[in-house]
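Shown next, in structure tokens, is the structure this report addresses.
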Amino acid sequence: MNRIADIYRRIAADDRPEVFLALRPKAEVAAEYALSLDAGGPLAGIVLAVKDNVDVAGLTTTAACPGYTYRPEADAAVVAALRAAGAVVIGKTNLDQFATGLVGTRSPYGAVRDARRPDHISGGSSSGSAVAVALDYADIAIGTDTAGSGRVPAGLQGVVGIKPTLGAVSTDGVVPACASYDCVTIFARDVATANRAMTVMGATGTRRWQADTPFAAAPDAALAIPAELPGLSAAWREAFDGAVARAEAAGLRVKPVDVSELLAAAKLLYDGALVAERYSAVGEFVAAAGDDAGLDPTVAAIVRAAGELPAHRLASDQDELRVVARRATDLFEGFAGLMVPTAPRHPTLAEVAADPVGVNSEMGTYTNFCNLLDLCGVAVPAGETADGAQFGITVLAPAGHDGIALDLAARITGAPSAEPWNLGPAGAVDVAVFGAHLRGQPLEHEMTSLGAHWAGEIRTADEYRLVELATAPPKPGLVHDVAGGGAIRGELWRLAPAALGTFLTRLPAPMTLGSVVLDDGRAVVGFSCQSSALGDARELEVDHWLDR
């Protein structure tokens with residue numbers, strides 16, 4: 001319980017009243033925290049902050065607009081899932097009103113300031129959530145993302161932000177911004193914690209995953225980067241070059257590509273008619289609101305203008321977006337992902353006050369197109385710039401390739417490898433391999449080329465033998481032998497059902513797949529060999545694959 005006392009002591013000492021719009025009583029949170037630790041669960045003892053456009057039962061939802069306030073009776077789907085897993089809600093966080101902005105200043109409750117440099121912006125719209133994590137007021141925080149709201153503040157605050165594929169996480173109980181492009185995101189101080197939370201949140205989604213969903217990138221995967229970096233100063237270009245160097249040191253093949261199509265697509269959200277969805281979300285409220293509603297003037301102007309757009313313009317822009325989306329698919333051909341700066345620079349509060357619309361648009365340079373084109377992304381810290389700002393990169397990947405984006409981001413930043421959160425929703429299958437398919441062996445590429453995730457070392461039950469098959473070249477074969485067998489060391493890989501089917505069709509005779517029993521009693525898919533091949537097989541001596 002000292003953890004909760006320390007958090008509340010820090011909140012009081014830091015004097016950051018703009019971060020939380022509702023902070024639960026310390027005693028109440030401490031009691032829930034103790035129950036969480038006693039009950040266990042995947043998120044036991046995790047403190048959760050929630051962006052105030054996401055419902056928490058018993059706490060008001062304002063979307064940073066006093067006149068819009070209501071008190072929900074039920075948690076949003078993601079909040080309910082995280083709580084059921086053991087997370088404890090500490091409070092509701094500030095945001096750019098109605099999640100309309102990337103700066104964190106568009107709130108009548110006050111601009112949310114940068115965690116380290118209070119004269120700079122926090123980034124938005126999930127401003128309070130990112131700062132709550134950066135200042136260690138919470139272990140994880142829920143954000144939302146339509147044009148970068150779950151990534152820009154992560155980059156500026158030096159924390160991790162995971163933006164999943166659209167539909168992969170439920171938006172039930174979330175005040176919409178542009179419903180077609182909204183998604184719920186998570187902030188944490190490290191990749192592993194963010195991934196743990198996403199594992200829970202991912203169970204709420206409605207998206208149907210492709211049968212060949214990849215979960216990891218190949219060791220020497222190709223990574224695209226922008227050939228041009230508009231908006232970056234020399235100091236920020238140097239920081240990005242450092243991230244490129246780390247990617248190459250991690251074994252990735254980095255290649256510059258033309259991303260002008262993506263950057264042009266971003267303008268459809270602000271300069272086109274797609275913004276009409278903002279009026280659909282809260283336009284009637286904004287149109288009828290009086291002076292006492294607490295509307296931010298910039299946000300109100302955006303929403304009102306969205307209500308004046310003709311339907312034919314919306315249809316035209318949607319057609320254009322479909323064309324750009326097809327071209328974006330071509331851009332990723334041959335690449336596991338695209339690495340971009342999360343933000344082009346870190347503005348001051350004064351700069352935003354002088355040009356609220358211009359600076360806001362600038363902040364979305366590398367984020368606005370993502371949801372429009374149904375990409376997933378993982379934003380991670382990547383050091384500091386020479387001018388003292390936190391610098392972050394985002395790894396983007398096509399829809400459904402969330403595991404690859406996570407894998408690449410972890411490898412580039414040197415974070416420990418994490419089991420991707422979408423294994424369960426995508427129906428991953430466990431496959432036990434032995435011999436030449438082990439990591440570092442000649443046939444490892446047959447697993448990595450299918451997007452398989454390495455899940456660690458295993459041992460079979462004490463009822464197997466390993467033989468050398470008379471093939472060219474010779475291959476080790478697993479033989480089930482209850483009477484004279486032993487425990488064989490191998491490895492476990494996880495891959496999508498269709499990828500497993502592809503792997504099976506490529507297996508040369510006499511190799512086959514069947515059920516293999518592990519030493520913990522689990523039965524998984526694993527290697528076997530046809531009995532007809534055993535006559536010429538040679539018993540392998542006890543070595544690093546065999547443990548009798």
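Labels for the structure tokens follow display order: chains A, B, ..., residues from 1 in each chain, ligands from 1.
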
Inset, instruction - From a DSSP calculation on the backbone, collect every residue of region 206-287 of chain A in strand (DSSP E or B) and output the set as a ChimeraX atom specification. - result: /A:222-226,253-257

Output file for the selection above: all heavy atoms, as a short mmCIF file (atom, residue, chain, number, x, y, z; two decimals), in the first residue's frame:
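So part_7.cif came out as:
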data_model
loop_
_atom_site.label_atom_id
_atom_site.label_comp_id
_atom_site.auth_asym_id
_atom_site.auth_seq_id
_atom_site.Cartn_x
_atom_site.Cartn_y
_atom_site.Cartn_z
N ALA A 222 13.33 -6.31 -43.58
CA ALA A 222 13.54 -4.99 -44.18
C ALA A 222 12.64 -3.97 -43.49
O ALA A 222 11.46 -4.23 -43.24
CB ALA A 222 13.21 -5.04 -45.67
N LEU A 223 13.21 -2.84 -43.16
CA LEU A 223 12.49 -1.76 -42.47
C LEU A 223 12.57 -0.50 -43.33
O LEU A 223 13.65 -0.03 -43.66
CB LEU A 223 13.12 -1.50 -41.10
CG LEU A 223 12.51 -0.36 -40.28
CD1 LEU A 223 11.11 -0.73 -39.79
CD2 LEU A 223 13.41 -0.03 -39.08
N ALA A 224 11.41 0.05 -43.68
CA ALA A 224 11.37 1.28 -44.47
C ALA A 224 11.48 2.49 -43.55
O ALA A 224 11.02 2.47 -42.41
CB ALA A 224 10.07 1.35 -45.26
N ILE A 225 12.10 3.55 -44.05
CA ILE A 225 12.12 4.85 -43.38
C ILE A 225 11.82 5.91 -44.44
O ILE A 225 12.04 5.68 -45.64
CB ILE A 225 13.48 5.14 -42.70
CG1 ILE A 225 14.60 5.16 -43.74
CG2 ILE A 225 13.76 4.14 -41.59
CD1 ILE A 225 15.93 5.67 -43.20
N PRO A 226 11.32 7.07 -44.03
CA PRO A 226 11.04 8.12 -45.02
C PRO A 226 12.31 8.61 -45.70
O PRO A 226 13.33 8.86 -45.04
CB PRO A 226 10.40 9.24 -44.18
CG PRO A 226 9.92 8.57 -42.94
CD PRO A 226 10.90 7.47 -42.68
N ARG A 253 17.38 -4.52 -42.12
CA ARG A 253 17.86 -3.91 -43.37
C ARG A 253 17.03 -2.65 -43.64
O ARG A 253 15.87 -2.75 -44.00
CB ARG A 253 17.73 -4.91 -44.51
CG ARG A 253 18.66 -6.10 -44.38
CD ARG A 253 18.49 -7.10 -45.52
NE ARG A 253 17.23 -7.82 -45.44
CZ ARG A 253 16.22 -7.70 -46.29
NH1 ARG A 253 16.32 -6.83 -47.31
NH2 ARG A 253 15.12 -8.40 -46.16
N VAL A 254 17.62 -1.50 -43.40
CA VAL A 254 16.91 -0.23 -43.49
C VAL A 254 17.03 0.34 -44.89
O VAL A 254 18.13 0.40 -45.45
CB VAL A 254 17.45 0.77 -42.45
CG1 VAL A 254 16.71 2.10 -42.55
CG2 VAL A 254 17.33 0.19 -41.03
N LYS A 255 15.88 0.79 -45.42
CA LYS A 255 15.89 1.36 -46.77
C LYS A 255 14.96 2.56 -46.84
O LYS A 255 13.80 2.48 -46.43
CB LYS A 255 15.44 0.32 -47.79
CG LYS A 255 15.44 0.83 -49.23
CD LYS A 255 14.97 -0.23 -50.20
CE LYS A 255 14.92 0.32 -51.63
NZ LYS A 255 14.42 -0.69 -52.60
N PRO A 256 15.43 3.71 -47.33
CA PRO A 256 14.55 4.89 -47.48
C PRO A 256 13.52 4.65 -48.60
O PRO A 256 13.83 4.05 -49.63
CB PRO A 256 15.53 6.01 -47.87
CG PRO A 256 16.88 5.50 -47.49
CD PRO A 256 16.83 4.02 -47.66
N VAL A 257 12.31 5.13 -48.38
CA VAL A 257 11.24 5.03 -49.38
C VAL A 257 10.51 6.36 -49.46
O VAL A 257 10.55 7.18 -48.52
CB VAL A 257 10.23 3.91 -49.04
CG1 VAL A 257 10.91 2.55 -49.03
CG2 VAL A 257 9.55 4.17 -47.70
#

Inset, instruction - as number ranges by chain, please: all residues of region 208-304 of chain A that backbone DSSP puts in alpha helix (DSSP H). - result: A: 234-249, 260-271, 276-288, 297-304

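Counting only C-alpha atoms, Ala472 (chain A) has the following residues at most 12 Å away, ignoring those fewer than 3 positions along the same chain: Glu468, Leu469, Lys475, Pro476, Pro508, Ala509 and Pro510 of chain A.
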
Could you write out that same residue set with N, CA and C atoms as an mmCIF file, in the first residue's frame?
data_model
loop_
_atom_site.group_PDB
_atom_site.id
_atom_site.type_symbol
_atom_site.label_atom_id
_atom_site.label_comp_id
_atom_site.auth_asym_id
_atom_site.auth_seq_id
_atom_site.Cartn_x
_atom_site.Cartn_y
_atom_site.Cartn_z
ATOM 1 N N GLU A 468 18.535 -39.870 -36.806
ATOM 2 C CA GLU A 468 19.006 -39.172 -37.999
ATOM 3 C C GLU A 468 18.446 -39.874 -39.222
ATOM 4 N N LEU A 469 17.641 -39.180 -39.992
ATOM 5 C CA LEU A 469 17.009 -39.750 -41.165
ATOM 6 C C LEU A 469 17.969 -39.744 -42.349
ATOM 7 N N LYS A 475 18.469 -35.324 -41.723
ATOM 8 C CA LYS A 475 17.642 -34.515 -40.816
ATOM 9 C C LYS A 475 17.345 -35.329 -39.566
ATOM 10 N N PRO A 476 17.248 -34.642 -38.412
ATOM 11 C CA PRO A 476 16.829 -35.354 -37.203
ATOM 12 C C PRO A 476 15.321 -35.582 -37.235
ATOM 13 N N PRO A 508 9.064 -31.726 -46.503
ATOM 14 C CA PRO A 508 9.403 -32.842 -47.404
ATOM 15 C C PRO A 508 9.259 -34.179 -46.688
ATOM 16 N N ALA A 509 8.902 -35.209 -47.430
ATOM 17 C CA ALA A 509 8.868 -36.562 -46.869
ATOM 18 C C ALA A 509 10.295 -36.949 -46.437
ATOM 19 N N PRO A 510 10.443 -37.689 -45.369
ATOM 20 C CA PRO A 510 9.397 -38.358 -44.599
ATOM 21 C C PRO A 510 8.912 -37.567 -43.385
#

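Residue nearest Leu478 (chain A) within the list A:Tyr8, A:Tyr70, A:Phe391, A:Phe527: A:Phe527 [criterion: smallest interatomic distance, only C-alpha atoms].
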
Legend entry - Selected residue, from A:Asp407, A:Asp430, A:Asp55, A:Asp258, that lies nearest to Leu331 (chain A) when counting only C-alpha atoms: A:Asp258

Legend entry - Near-Phe98 (chain A) list (12 Å; only C-alpha atoms; drop same-chain fewer than 2 positions) as JSON, numbers by chain: {"A": [51, 52, 53, 54, 61, 62, 63, 64, 65, 66, 67, 68, 69, 94, 95, 96, 100, 101, 102, 104, 106, 107, 108, 124, 125, 126, 144, 145, 146, 149, 174, 175, 176, 177, 178, 182, 278, 279, 281, 282, 283, 285, 286, 294, 295, 296, 298, 299, 300, 302, 303]}

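The residue that comes closest to Thr93 (chain A), out of A:Leu21, A:Ala305, A:Val112, A:Ala141 and on the basis of only C-alpha atoms, is A:Leu21.
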
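Remark: for Gly392 (chain A), the closest of the candidate residues A:Asp14, A:Asp136, A:Asp119, A:Asp241 is A:Asp241 (distances computed over only C-alpha atoms).
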
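The space separating CA of Gly358 (chain A) from CA of Thr185 (chain A) comes to 25.3 Å.
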
Using only C-alpha atoms, what does the table of region 318-434 of chain A residues within 9 Å of region 495-498 of chain A look like, with each row giving the shortest atom pair and its distance in Å to one decimal, sorted by chain and ascending number, as CSV?
residue,atom,partner,partner_atom,distance
A:Leu423,CA,A:Leu495,CA,8.3
A:Ala426,CA,A:Ala496,CA,7.0
A:Gly427,CA,A:Ala496,CA,6.5
A:Ala428,CA,A:Ala496,CA,4.7
A:Val429,CA,A:Leu495,CA,5.4
A:Asp430,CA,A:Leu495,CA,6.8
A:Val431,CA,A:Leu495,CA,7.7

Give me a file of those residues, with N, CA, C and O atoms, as a CSV table (one decimal), in the first residue's frame.
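Writing done, so here's again_22.csv:
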chain,number,residue,atom,x,y,z
A,423,LEU,N,-1.7,-12.8,-30.0
A,423,LEU,CA,-1.7,-14.2,-30.2
A,423,LEU,C,-3.0,-14.9,-30.0
A,423,LEU,O,-3.5,-15.7,-30.8
A,426,ALA,N,-5.9,-13.8,-32.5
A,426,ALA,CA,-5.7,-14.3,-33.8
A,426,ALA,C,-5.6,-15.8,-33.9
A,426,ALA,O,-5.4,-16.3,-35.0
A,427,GLY,N,-5.8,-16.5,-32.8
A,427,GLY,CA,-5.8,-18.0,-32.8
A,427,GLY,C,-4.5,-18.6,-33.1
A,427,GLY,O,-4.4,-19.6,-33.8
A,428,ALA,N,-3.4,-18.1,-32.5
A,428,ALA,CA,-2.1,-18.7,-32.7
A,428,ALA,C,-2.0,-20.2,-32.3
A,428,ALA,O,-2.7,-20.6,-31.3
A,429,VAL,N,-1.2,-20.9,-33.0
A,429,VAL,CA,-1.1,-22.4,-32.8
A,429,VAL,C,0.4,-22.6,-32.3
A,429,VAL,O,1.3,-22.1,-32.9
A,430,ASP,N,0.5,-23.4,-31.2
A,430,ASP,CA,1.9,-23.8,-30.7
A,430,ASP,C,2.4,-24.9,-31.6
A,430,ASP,O,1.7,-25.9,-31.8
A,431,VAL,N,3.7,-24.8,-32.0
A,431,VAL,CA,4.4,-25.8,-32.8
A,431,VAL,C,5.7,-26.1,-32.1
A,431,VAL,O,6.5,-25.2,-31.9

Inset, instruction - Kindly indicate which residue among A:Ala436, A:Leu252, A:Ala483, A:Ala315 lies nearest to Ala273 (chain A), using only C-alpha atoms for the distances. - result: A:Ala315

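Nearest residue to Gly486 (chain A) among A:Ile7, A:Val517, A:Leu500, A:Ala81 is A:Val517, counting only C-alpha atoms.
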
Please identify every residue of region 233-304 of chain A that has at least one atom no farther than 10 Å from an atom of region 317-322 of chain A, counting only C-alpha atoms, and for each give the shortest atom pair and the distance in Å to one decimal, arranged by chain then increasing number, as a Markdown table.
| residue | atom | partner | partner_atom | distance |
| --- | --- | --- | --- | --- |
| A:Ala265 | CA | A:Leu321 | CA | 7.0 |
| A:Ala266 | CA | A:Leu321 | CA | 9.8 |
| A:Leu268 | CA | A:Asp317 | CA | 7.0 |
| A:Leu269 | CA | A:Asp317 | CA | 9.3 |
| A:Gly272 | CA | A:Asp317 | CA | 6.7 |
| A:Ala273 | CA | A:Asp317 | CA | 6.4 |
| A:Leu274 | CA | A:Asp317 | CA | 6.9 |

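Omitting Val159 (chain A) and its sequence neighbours fewer than 4 positions away, and counting only C-alpha atoms, the residues within 7 Å are Ala134, Ala154, Gly155, Phe187, Ala188, Arg189, Asp190, Val380 and Pro381 of chain A.
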
Counting only C-alpha atoms, what are the residues of region 112-169 of chain A within 9 Å of region 340-350 of chain A, and for each of them which pair of atoms is the nearest and at what distance in Å, to one decimal? Sort the table by chain and rising number, as CSV.
residue,atom,partner,partner_atom,distance
A:Arg113,CA,A:Leu349,CA,8.0
A:Pro118,CA,A:Leu349,CA,8.6
A:Asp119,CA,A:Thr348,CA,5.8
A:His120,CA,A:Thr348,CA,3.9
A:Ile121,CA,A:Leu349,CA,5.4
A:Ser122,CA,A:His346,CA,8.7
A:Gly123,CA,A:His346,CA,8.4
A:Gly148,CA,A:Thr342,CA,8.7
A:Arg151,CA,A:Thr342,CA,6.7
A:Val152,CA,A:Ala343,CA,5.9
A:Pro153,CA,A:Ala343,CA,8.8
A:Ala154,CA,A:Thr342,CA,8.3
A:Gly155,CA,A:Thr342,CA,5.7
A:Leu156,CA,A:His346,CA,6.8

Inset, instruction - Within 9 Å of region 203-212 of chain A, counting only C-alpha atoms, which residues show up once you throw out same-chain ones fewer than 2 positions away? Write them as a ChimeraX atom specification, please. - result: /A:77-78,81,165-171,198-201,214,400,422,424-427,450-451,495-500

Write out the residues from the selection above, keeping N, CA and C atoms, as a PDB file, in the first residue's frame.
ATOM      1  N   ALA A  77     -15.855  -0.953 -22.072  1.00  0.00           N
ATOM      2  CA  ALA A  77     -15.440  -2.355 -22.203  1.00  0.00           C
ATOM      3  C   ALA A  77     -13.971  -2.552 -21.827  1.00  0.00           C
ATOM      4  N   VAL A  78     -13.099  -1.631 -22.251  1.00  0.00           N
ATOM      5  CA  VAL A  78     -11.674  -1.793 -21.960  1.00  0.00           C
ATOM      6  C   VAL A  78     -11.379  -1.582 -20.478  1.00  0.00           C
ATOM      7  N   ALA A  81     -12.418  -4.707 -18.626  1.00  0.00           N
ATOM      8  CA  ALA A  81     -11.476  -5.803 -18.838  1.00  0.00           C
ATOM      9  C   ALA A  81     -10.208  -5.616 -18.013  1.00  0.00           C
ATOM     10  N   THR A 165      -4.539  -2.120 -34.395  1.00  0.00           N
ATOM     11  CA  THR A 165      -5.362  -2.151 -35.595  1.00  0.00           C
ATOM     12  C   THR A 165      -6.785  -1.743 -35.242  1.00  0.00           C
ATOM     13  N   LEU A 166      -7.430  -0.980 -36.111  1.00  0.00           N
ATOM     14  CA  LEU A 166      -8.808  -0.556 -35.859  1.00  0.00           C
ATOM     15  C   LEU A 166      -9.699  -1.771 -35.603  1.00  0.00           C
ATOM     16  N   GLY A 167     -10.519  -1.685 -34.561  1.00  0.00           N
ATOM     17  CA  GLY A 167     -11.433  -2.759 -34.222  1.00  0.00           C
ATOM     18  C   GLY A 167     -10.833  -3.842 -33.363  1.00  0.00           C
ATOM     19  N   ALA A 168      -9.514  -3.813 -33.161  1.00  0.00           N
ATOM     20  CA  ALA A 168      -8.867  -4.843 -32.350  1.00  0.00           C
ATOM     21  C   ALA A 168      -9.177  -4.676 -30.866  1.00  0.00           C
ATOM     22  N   VAL A 169      -9.577  -3.468 -30.466  1.00  0.00           N
ATOM     23  CA  VAL A 169      -9.959  -3.167 -29.086  1.00  0.00           C
ATOM     24  C   VAL A 169     -11.314  -2.466 -29.126  1.00  0.00           C
ATOM     25  N   SER A 170     -12.209  -2.841 -28.243  1.00  0.00           N
ATOM     26  CA  SER A 170     -13.552  -2.274 -28.239  1.00  0.00           C
ATOM     27  C   SER A 170     -13.533  -0.782 -27.929  1.00  0.00           C
ATOM     28  N   THR A 171     -14.404  -0.029 -28.615  1.00  0.00           N
ATOM     29  CA  THR A 171     -14.609   1.385 -28.299  1.00  0.00           C
ATOM     30  C   THR A 171     -15.952   1.602 -27.606  1.00  0.00           C
ATOM     31  N   MET A 198      -2.293  -4.598 -23.224  1.00  0.00           N
ATOM     32  CA  MET A 198      -2.919  -4.840 -24.515  1.00  0.00           C
ATOM     33  C   MET A 198      -3.424  -6.277 -24.633  1.00  0.00           C
ATOM     34  N   THR A 199      -2.748  -7.214 -23.993  1.00  0.00           N
ATOM     35  CA  THR A 199      -3.206  -8.606 -24.013  1.00  0.00           C
ATOM     36  C   THR A 199      -4.610  -8.709 -23.422  1.00  0.00           C
ATOM     37  N   VAL A 200      -4.849  -7.937 -22.378  1.00  0.00           N
ATOM     38  CA  VAL A 200      -6.183  -7.918 -21.755  1.00  0.00           C
ATOM     39  C   VAL A 200      -7.167  -7.146 -22.624  1.00  0.00           C
ATOM     40  N   MET A 201      -6.771  -5.979 -23.089  1.00  0.00           N
ATOM     41  CA  MET A 201      -7.657  -5.139 -23.905  1.00  0.00           C
ATOM     42  C   MET A 201      -8.020  -5.800 -25.228  1.00  0.00           C
ATOM     43  N   PRO A 214       0.795 -12.509 -39.100  1.00  0.00           N
ATOM     44  CA  PRO A 214       2.175 -12.700 -38.636  1.00  0.00           C
ATOM     45  C   PRO A 214       2.355 -12.115 -37.234  1.00  0.00           C
ATOM     46  N   GLY A 400      -3.452  -5.657 -38.737  1.00  0.00           N
ATOM     47  CA  GLY A 400      -3.274  -7.034 -38.308  1.00  0.00           C
ATOM     48  C   GLY A 400      -1.846  -7.424 -38.007  1.00  0.00           C
ATOM     49  N   ASN A 422      -1.609 -10.054 -29.458  1.00  0.00           N
ATOM     50  CA  ASN A 422      -2.694 -10.529 -30.314  1.00  0.00           C
ATOM     51  C   ASN A 422      -2.606 -12.016 -30.640  1.00  0.00           C
ATOM     52  N   GLY A 424      -3.657 -14.527 -28.830  1.00  0.00           N
ATOM     53  CA  GLY A 424      -4.935 -15.147 -28.495  1.00  0.00           C
ATOM     54  C   GLY A 424      -6.041 -14.791 -29.473  1.00  0.00           C
ATOM     55  N   PRO A 425      -6.313 -13.490 -29.681  1.00  0.00           N
ATOM     56  CA  PRO A 425      -7.377 -13.121 -30.616  1.00  0.00           C
ATOM     57  C   PRO A 425      -7.184 -13.672 -32.021  1.00  0.00           C
ATOM     58  N   ALA A 426      -5.939 -13.803 -32.459  1.00  0.00           N
ATOM     59  CA  ALA A 426      -5.671 -14.284 -33.817  1.00  0.00           C
ATOM     60  C   ALA A 426      -5.610 -15.803 -33.906  1.00  0.00           C
ATOM     61  N   GLY A 427      -5.769 -16.499 -32.763  1.00  0.00           N
ATOM     62  CA  GLY A 427      -5.821 -17.962 -32.783  1.00  0.00           C
ATOM     63  C   GLY A 427      -4.501 -18.634 -33.052  1.00  0.00           C
ATOM     64  N   LEU A 450       7.347 -17.139 -41.941  1.00  0.00           N
ATOM     65  CA  LEU A 450       5.891 -17.238 -41.794  1.00  0.00           C
ATOM     66  C   LEU A 450       5.368 -16.350 -40.660  1.00  0.00           C
ATOM     67  N   GLY A 451       6.237 -15.507 -40.107  1.00  0.00           N
ATOM     68  CA  GLY A 451       5.817 -14.606 -39.030  1.00  0.00           C
ATOM     69  C   GLY A 451       5.648 -15.302 -37.701  1.00  0.00           C
ATOM     70  N   LEU A 495       2.460 -19.635 -34.341  1.00  0.00           N
ATOM     71  CA  LEU A 495       2.159 -19.079 -35.649  1.00  0.00           C
ATOM     72  C   LEU A 495       0.686 -19.221 -35.962  1.00  0.00           C
ATOM     73  N   ALA A 496       0.236 -18.460 -36.940  1.00  0.00           N
ATOM     74  CA  ALA A 496      -1.179 -18.417 -37.302  1.00  0.00           C
ATOM     75  C   ALA A 496      -1.603 -19.722 -37.961  1.00  0.00           C
ATOM     76  N   PRO A 497      -2.903 -20.051 -37.891  1.00  0.00           N
ATOM     77  CA  PRO A 497      -3.372 -21.324 -38.465  1.00  0.00           C
ATOM     78  C   PRO A 497      -3.012 -21.497 -39.935  1.00  0.00           C
ATOM     79  N   ALA A 498      -3.227 -20.473 -40.753  1.00  0.00           N
ATOM     80  CA  ALA A 498      -2.911 -20.603 -42.178  1.00  0.00           C
ATOM     81  C   ALA A 498      -1.409 -20.735 -42.388  1.00  0.00           C
ATOM     82  N   ALA A 499      -0.612 -20.055 -41.560  1.00  0.00           N
ATOM     83  CA  ALA A 499       0.840 -20.187 -41.659  1.00  0.00           C
ATOM     84  C   ALA A 499       1.268 -21.608 -41.325  1.00  0.00           C
ATOM     85  N   LEU A 500       0.602 -22.234 -40.358  1.00  0.00           N
ATOM     86  CA  LEU A 500       0.893 -23.633 -40.038  1.00  0.00           C
ATOM     87  C   LEU A 500       0.570 -24.529 -41.234  1.00  0.00           C
TER      88      LEU A 500
END

Within 7 Å of Phe215 (chain A), counting only C-alpha atoms, which residues qualify if same-chain residues fewer than 3 places away don't, as an mmCIF file with C-alpha atoms, in the first residue's frame?
data_model
loop_
_atom_site.group_PDB
_atom_site.id
_atom_site.type_symbol
_atom_site.label_atom_id
_atom_site.label_comp_id
_atom_site.auth_asym_id
_atom_site.auth_seq_id
_atom_site.Cartn_x
_atom_site.Cartn_y
_atom_site.Cartn_z
ATOM 1 C CA HIS A 401 0.515 -6.919 -38.187
ATOM 2 C CA GLY A 403 2.878 -8.314 -33.435
ATOM 3 C CA ILE A 404 5.411 -7.274 -36.066
ATOM 4 C CA PRO A 420 2.684 -10.299 -28.792
ATOM 5 C CA GLY A 451 5.817 -14.606 -39.030
ATOM 6 C CA ALA A 452 6.198 -17.181 -36.256
ATOM 7 C CA HIS A 453 6.963 -15.969 -32.740
ATOM 8 C CA LEU A 495 2.159 -19.079 -35.649
#
